[in-house]
$ cat protein-v7.pdb   # PDB, C-alpha atoms and all ligand atoms
ATOM      1  CA  MET Y   1      98.576 102.596  91.282
ATOM      2  CA  THR Y   2      98.346 102.954  95.061
ATOM      3  CA  GLY Y   3     100.416 100.319  96.772
ATOM      4  CA  THR Y   4      98.901  97.327  94.974
ATOM      5  CA  THR Y   5     100.865  94.161  95.778
ATOM      6  CA  ILE Y   6     102.463  92.725  92.651
ATOM      7  CA  ALA Y   7     103.672  89.111  92.589
ATOM      8  CA  PRO Y   8     107.483  89.412  92.731
ATOM      9  CA  SER Y   9     108.138  87.244  89.708
ATOM     10  CA  GLY Y  10     109.398  87.770  86.155
ATOM     11  CA  LEU Y  11     108.029  90.728  84.233
ATOM     12  CA  SER Y  12     105.969  92.137  87.093
ATOM     13  CA  SER Y  13     108.935  92.335  89.435
ATOM     14  CA  THR Y  14     111.005  94.023  86.710
ATOM     15  CA  LEU Y  15     108.208  96.559  86.191
ATOM     16  CA  ALA Y  16     107.989  97.170  89.930
ATOM     17  CA  THR Y  17     111.745  97.847  90.016
ATOM     18  CA  VAL Y  18     111.564 100.237  87.047
ATOM     19  CA  ARG Y  19     108.703 102.126  88.690
ATOM     20  CA  ARG Y  20     110.583 102.309  91.970
ATOM     21  CA  ILE Y  21     113.719 103.687  90.292
ATOM     22  CA  SER Y  22     111.554 106.216  88.430
ATOM     23  CA  LEU Y  23     109.950 107.318  91.688
ATOM     24  CA  ARG Y  24     113.416 107.795  93.166
ATOM     25  CA  LEU Y  25     114.281 109.942  90.111
ATOM     26  CA  VAL Y  26     111.088 111.992  90.687
ATOM     27  CA  ASN Y  27     112.338 112.525  94.245
ATOM     28  CA  VAL Y  28     115.824 113.583  93.070
ATOM     29  CA  SER Y  29     114.425 115.865  90.313
ATOM     30  CA  ALA Y  30     112.103 117.589  92.791
ATOM     31  CA  TRP Y  31     115.025 118.301  95.155
ATOM     32  CA  LEU Y  32     116.990 119.632  92.174
ATOM     33  CA  VAL Y  33     114.128 121.969  91.192
ATOM     34  CA  PHE Y  34     113.912 123.052  94.849
ATOM     35  CA  ALA Y  35     117.613 123.967  94.927
ATOM     36  CA  MET Y  36     117.643 125.529  91.458
ATOM     37  CA  ALA Y  37     114.630 127.733  92.275
ATOM     38  CA  TRP Y  38     116.589 129.167  95.233
ATOM     39  CA  GLY Y  39     119.411 129.692  92.749
ATOM     40  CA  GLN Y  40     116.994 131.577  90.503
ATOM     41  CA  ILE Y  41     116.200 134.010  93.305
ATOM     42  CA  ALA Y  42     119.926 134.507  93.921
ATOM     43  CA  THR Y  43     120.784 134.983  90.225
ATOM     44  CA  ALA Y  44     117.866 137.427  89.775
ATOM     45  CA  GLY Y  45     119.146 139.413  92.771
ATOM     46  CA  TYR Y  46     122.672 139.318  91.380
ATOM     47  CA  GLY Y  47     121.321 140.594  88.050
ATOM     48  CA  LEU Y  48     119.717 143.584  89.762
ATOM     49  CA  PHE Y  49     122.760 144.505  91.852
ATOM     50  CA  ALA Y  50     125.116 144.058  88.894
ATOM     51  CA  ILE Y  51     123.053 146.301  86.596
ATOM     52  CA  GLU Y  52     125.549 149.147  86.781
ATOM     53  CA  SER Y  53     128.551 147.059  85.836
ATOM     54  CA  MET Y  54     126.591 144.863  83.401
ATOM     55  CA  PRO Y  55     123.576 146.839  82.150
ATOM     56  CA  MET Y  56     120.286 144.920  82.010
ATOM     57  CA  THR Y  57     119.649 146.432  78.563
ATOM     58  CA  GLU Y  58     122.450 144.181  77.352
ATOM     59  CA  ALA Y  59     120.880 141.456  79.537
ATOM     60  CA  SER Y  60     124.361 140.240  80.485
ATOM     61  CA  SER Y  61     123.683 140.662  84.215
ATOM     62  CA  LEU Y  62     120.794 138.183  83.920
ATOM     63  CA  ASP Y  63     122.536 135.642  81.683
ATOM     64  CA  ALA Y  64     123.111 133.263  84.617
ATOM     65  CA  HIS Y  65     119.436 133.595  85.603
ATOM     66  CA  ARG Y  66     118.244 132.810  82.079
ATOM     67  CA  THR Y  67     120.587 129.824  81.705
ATOM     68  CA  LEU Y  68     119.729 128.374  85.126
ATOM     69  CA  GLY Y  69     116.036 129.070  84.414
ATOM     70  CA  TYR Y  70     116.015 126.955  81.272
ATOM     71  CA  ALA Y  71     118.086 124.266  83.016
ATOM     72  CA  THR Y  72     115.398 124.176  85.742
ATOM     73  CA  GLU Y  73     112.694 123.784  83.093
ATOM     74  CA  PHE Y  74     114.689 120.901  81.608
ATOM     75  CA  VAL Y  75     114.831 119.130  84.983
ATOM     76  CA  GLY Y  76     111.053 119.704  85.264
ATOM     77  CA  VAL Y  77     110.475 117.922  81.946
ATOM     78  CA  GLY Y  78     112.618 115.014  83.173
ATOM     79  CA  MET Y  79     110.612 114.869  86.400
ATOM     80  CA  MET Y  80     107.394 114.520  84.358
ATOM     81  CA  VAL Y  81     108.829 111.660  82.283
ATOM     82  CA  PHE Y  82     109.879 109.824  85.488
ATOM     83  CA  LEU Y  83     106.459 110.542  86.989
ATOM     84  CA  LEU Y  84     104.712 108.954  84.002
ATOM     85  CA  VAL Y  85     106.842 105.806  84.322
ATOM     86  CA  ALA Y  86     106.522 105.632  88.135
ATOM     87  CA  TRP Y  87     102.755 106.325  88.042
ATOM     88  CA  PRO Y  88     102.682 106.879  91.812
ATOM     89  CA  ARG Y  89      99.781 107.554  94.149
ATOM     90  CA  TRP Y  90      97.666 110.695  93.649
ATOM     91  CA  SER Y  91      99.277 112.451  96.637
ATOM     92  CA  VAL Y  92     102.556 112.566  94.651
ATOM     93  CA  THR Y  93     101.016 113.078  91.208
ATOM     94  CA  TRP Y  94      98.920 116.192  91.815
ATOM     95  CA  PRO Y  95     101.683 118.365  93.325
ATOM     96  CA  ALA Y  96     104.114 117.170  90.629
ATOM     97  CA  VAL Y  97     101.729 118.059  87.773
ATOM     98  CA  THR Y  98     100.920 121.412  89.451
ATOM     99  CA  LEU Y  99     104.651 122.107  89.883
ATOM    100  CA  PHE Y 100     105.259 121.415  86.210
ATOM    101  CA  ALA Y 101     102.372 123.724  85.186
ATOM    102  CA  VAL Y 102     103.724 126.511  87.444
ATOM    103  CA  MET Y 103     107.177 126.059  85.875
ATOM    104  CA  LEU Y 104     105.786 126.174  82.354
ATOM    105  CA  VAL Y 105     104.191 129.584  82.890
ATOM    106  CA  GLN Y 106     107.449 131.090  84.261
ATOM    107  CA  PRO Y 107     109.024 132.087  80.914
ATOM    108  CA  VAL Y 108     105.606 133.198  79.606
ATOM    109  CA  LEU Y 109     105.071 135.512  82.610
ATOM    110  CA  GLN Y 110     108.550 136.952  82.137
ATOM    111  CA  ARG Y 111     107.926 137.699  78.440
ATOM    112  CA  LEU Y 112     104.506 139.259  79.142
ATOM    113  CA  GLY Y 113     106.084 141.201  82.014
ATOM    114  CA  ASP Y 114     107.797 143.473  79.482
ATOM    115  CA  THR Y 115     104.398 144.966  78.587
ATOM    116  CA  ALA Y 116     102.467 144.232  81.817
ATOM    117  CA  PRO Y 117     104.804 144.637  84.844
ATOM    118  CA  ILE Y 118     102.284 142.956  87.167
ATOM    119  CA  LEU Y 119     102.909 139.723  85.249
ATOM    120  CA  GLY Y 120     106.652 140.246  85.703
ATOM    121  CA  ALA Y 121     105.982 140.539  89.437
ATOM    122  CA  MET Y 122     104.083 137.252  89.285
ATOM    123  CA  HIS Y 123     107.139 135.690  87.615
ATOM    124  CA  ALA Y 124     109.177 136.623  90.704
ATOM    125  CA  ALA Y 125     106.481 135.574  93.224
ATOM    126  CA  ASN Y 126     106.031 132.276  91.387
ATOM    127  CA  ALA Y 127     109.503 131.289  92.580
ATOM    128  CA  LEU Y 128     108.082 130.793  96.079
ATOM    129  CA  VAL Y 129     105.220 128.637  94.758
ATOM    130  CA  THR Y 130     107.790 126.581  92.818
ATOM    131  CA  ILE Y 131     109.930 126.096  95.937
ATOM    132  CA  ALA Y 132     106.935 125.049  98.083
ATOM    133  CA  LEU Y 133     105.613 122.580  95.496
ATOM    134  CA  ALA Y 134     109.072 121.089  94.787
ATOM    135  CA  PHE Y 135     109.489 120.491  98.527
ATOM    136  CA  LEU Y 136     106.056 118.822  98.702
ATOM    137  CA  VAL Y 137     106.781 116.544  95.723
ATOM    138  CA  ALA Y 138     110.199 115.548  97.089
ATOM    139  CA  ARG Y 139     108.799 114.702 100.543
ATOM    140  CA  ARG Y 140     105.781 112.799  99.216
ATOM    141  CA  ALA Y 141     107.852 110.811  96.716
ATOM    142  CA  GLN Y 142     110.180 109.927  99.596
ATOM    143  CA  ARG Y 143     107.225 108.785 101.709
ATOM    144  CA  ALA Y 144     105.809 106.711  98.844
ATOM    145  CA  LEU Y 145     109.216 105.053  98.439
ATOM    146  CA  SER Y 146     109.393 104.091 102.111
ATOM    147  CA  CYS Y 147     105.850 102.657 101.967
ATOM    148  CA  ARG Y 148     106.916 100.371  99.134
ATOM    149  CA  ASP Y 149     109.845  98.932 101.150
TER     150      ASP Y 149
HETATM  151  C1  LIG Y 201     111.557 129.274  89.985
HETATM  152  C2  LIG Y 201     112.117 130.449  89.796
HETATM  153  C3  LIG Y 201     112.382 131.063  88.456
HETATM  154  C4  LIG Y 201     112.486 130.475  87.214
HETATM  155  C5  LIG Y 201     112.352 128.976  86.852
HETATM  156  C6  LIG Y 201     112.763 131.536  86.266
HETATM  157  C7  LIG Y 201     112.963 131.340  84.910
HETATM  158  C8  LIG Y 201     113.281 132.334  84.005
HETATM  159  C9  LIG Y 201     113.540 132.120  82.619
HETATM  160  C10 LIG Y 201     113.508 130.761  81.921
HETATM  161  C11 LIG Y 201     113.821 133.321  82.071
HETATM  162  C12 LIG Y 201     114.181 133.602  80.602
HETATM  163  C13 LIG Y 201     112.894 133.831  79.830
HETATM  164  C14 LIG Y 201     113.165 134.161  78.381
HETATM  165  O1  LIG Y 201     114.297 134.394  77.972
HETATM  166  O2  LIG Y 201     112.177 134.140  77.622
HETATM  167  C15 LIG Y 201     113.744 134.307  83.119
HETATM  168  C16 LIG Y 201     113.965 135.655  82.947
HETATM  169  C17 LIG Y 201     113.863 136.599  83.931
HETATM  170  N1  LIG Y 201     113.572 136.383  85.264
HETATM  171 FE1  LIG Y 201     113.197 134.583  86.116
HETATM  172  N2  LIG Y 201     112.824 132.730  86.935
HETATM  173  C18 LIG Y 201     112.599 132.502  88.273
HETATM  174  C19 LIG Y 201     112.582 133.436  89.299
HETATM  175  C20 LIG Y 201     112.771 134.796  89.154
HETATM  176  C21 LIG Y 201     112.803 135.749  90.243
HETATM  177  C22 LIG Y 201     112.625 135.410  91.728
HETATM  178  C23 LIG Y 201     113.014 136.959  89.695
HETATM  179  C24 LIG Y 201     113.118 138.201  90.545
HETATM  180  C25 LIG Y 201     113.125 139.393  90.119
HETATM  181  C26 LIG Y 201     113.146 136.790  88.241
HETATM  182  C27 LIG Y 201     113.373 137.789  87.282
HETATM  183  C28 LIG Y 201     113.601 137.597  85.930
HETATM  184  C29 LIG Y 201     113.911 138.653  84.977
HETATM  185  C30 LIG Y 201     114.038 140.146  85.288
HETATM  186  C31 LIG Y 201     114.082 138.038  83.723
HETATM  187  C32 LIG Y 201     114.409 138.713  82.394
HETATM  188  C33 LIG Y 201     115.858 138.439  82.042
HETATM  189  C34 LIG Y 201     116.186 139.059  80.704
HETATM  190  O3  LIG Y 201     116.211 140.279  80.604
HETATM  191  O4  LIG Y 201     116.402 138.295  79.760
HETATM  192  N3  LIG Y 201     112.997 135.448  87.954
HETATM  193  N4  LIG Y 201     113.423 133.680  84.287
END

$ encode --input "protein-v7.pdb" --output "structure tokens" --more "lines below"
Ligand code: HEM
Amino acid sequence: MTGTTIAPSGLSSTLATVRRISLRLVNVSAWLVFAMAWGQIATAGYGLFAIESMPMTEASSLDAHRTLGYATEFVGVGMMVFLLVAWPRWSVTWPAVTLFAVMLVQPVLQRLGDTAPILGAMHAANALVTIALAFLVARRAQRALSCRD
């Protein structure tokens, strides 16, 4: 719905509050994904520089990256649930759905990267797309919240 005025009484005002809280949670989740994606770049870099002390063949140097990666995916799923409840304007919805799609292909690209390194490279480059989209979602959700004040 795009800013439709709902009579502030009974059930409709409760629904409006629930949607507003959900939109706030979309905003918070998007900032979390934004921060965690930076963390993914840092943990991937750490994994590379720590290869000698913790060989990548044992994957221990990338354990933090894998754990934080799946935690980021988990936050992305939460963001989608909040988005469904908030059902905000299209300007928030499309970047959020695109962000989620980009996040879903991350583990797939990494797995395929073992046989096709170009796809592994796309896994790394995708981090920047994730960061840009998370920023867009967070800012637009924030703007939608201020419009509803
Ligand atoms: C938004 C950013 C990123 C996310 C959400 C993400 C997520 C993930 C996930 C979930 C895995 C584990 C996949 C699996 O076990 O099947 C993984 C593995 C991996 N990622 Fe990322 N990643 C991101 C950015 C990067 C970047 C920037 C690099 C840079 C080189 C990178 C390099 C790797 C590598 C080498 C592995 C394999 C680790 C292993 O041997 O198990 N990732 N990533």

$ residues_around --input "protein-v7.pdb" --residues "Leu25 of chain Y" --least-positions-apart "3" --cutoff "9 Å" --atoms "all atoms listed in the file" --output "PDB file with C-alpha atoms, in the frame of the given file"
ATOM      1  CA  ARG Y  20     110.583 102.309  91.970  1.00  0.00           C
ATOM      2  CA  ILE Y  21     113.719 103.687  90.292  1.00  0.00           C
ATOM      3  CA  SER Y  22     111.554 106.216  88.430  1.00  0.00           C
ATOM      4  CA  VAL Y  28     115.824 113.583  93.070  1.00  0.00           C
ATOM      5  CA  SER Y  29     114.425 115.865  90.313  1.00  0.00           C
ATOM      6  CA  ALA Y  30     112.103 117.589  92.791  1.00  0.00           C
ATOM      7  CA  GLY Y  78     112.618 115.014  83.173  1.00  0.00           C
ATOM      8  CA  MET Y  79     110.612 114.869  86.400  1.00  0.00           C
ATOM      9  CA  PHE Y  82     109.879 109.824  85.488  1.00  0.00           C
ATOM     10  CA  LEU Y  83     106.459 110.542  86.989  1.00  0.00           C
TER      11      LEU Y  83
END

$ closest_residue --input "protein-v7.pdb" --among "Y:Ser60, Y:Val75, Y:Val129, Y:Thr67" --to "Val102 of chain Y" --atoms "all atoms listed in the file"
Y:Val129

$ atom_distance --input "protein-v7.pdb" --atom1 "atom CA of Asn126 of chain Y" --atom2 "atom O1 of ligand LIG 201 (chain Y)"
15.9 Å

$ residues_around --input "protein-v7.pdb" --residues "Thr72 of chain Y" --least-positions-apart "2" --cutoff "9 Å" --atoms "only C-alpha atoms" --output "PyMOL selection string"
chain Y and resi 32-33+36-37+40+67-70+74-77+103

$ resolve_selection --input "protein-v7.pdb" --expression "the PyMOL selection byres (((chain Y and resi 86-95) around 12) and not hetatm)" --output "ChimeraX atom specification"
/Y:1-4,15-27,30,79-85,96-102,129-145,147-148

$ residues_near_ligand --input "protein-v7.pdb" --ligand "ligand LIG 201 (chain Y)" --cutoff "9 Å" --atoms "only C-alpha atoms and all ligand atoms" --output "ChimeraX atom specification"
/Y:33-34,36-45,47-48,56-63,65-73,102-104,106-111,113-114,120-131

$ atom_distance --input "protein-v7.pdb" --atom1 "atom CA of Ala35 of chain Y" --atom2 "atom CA of Ala64 of chain Y"
14.9 Å

$ atom_distance --input "protein-v7.pdb" --atom1 "atom CA of Phe49 of chain Y" --atom2 "atom CA of Trp31 of chain Y"
27.5 Å

$ axis_aligned_box --input "protein-v7.pdb" --around "segment 129-136 of chain Y" --padding-each-side "6 Å" --output "JSON"
{"center_x": 107.6, "center_y": 123.7, "center_z": 95.8, "size_x": 16.7, "size_y": 21.8, "size_z": 17.9}
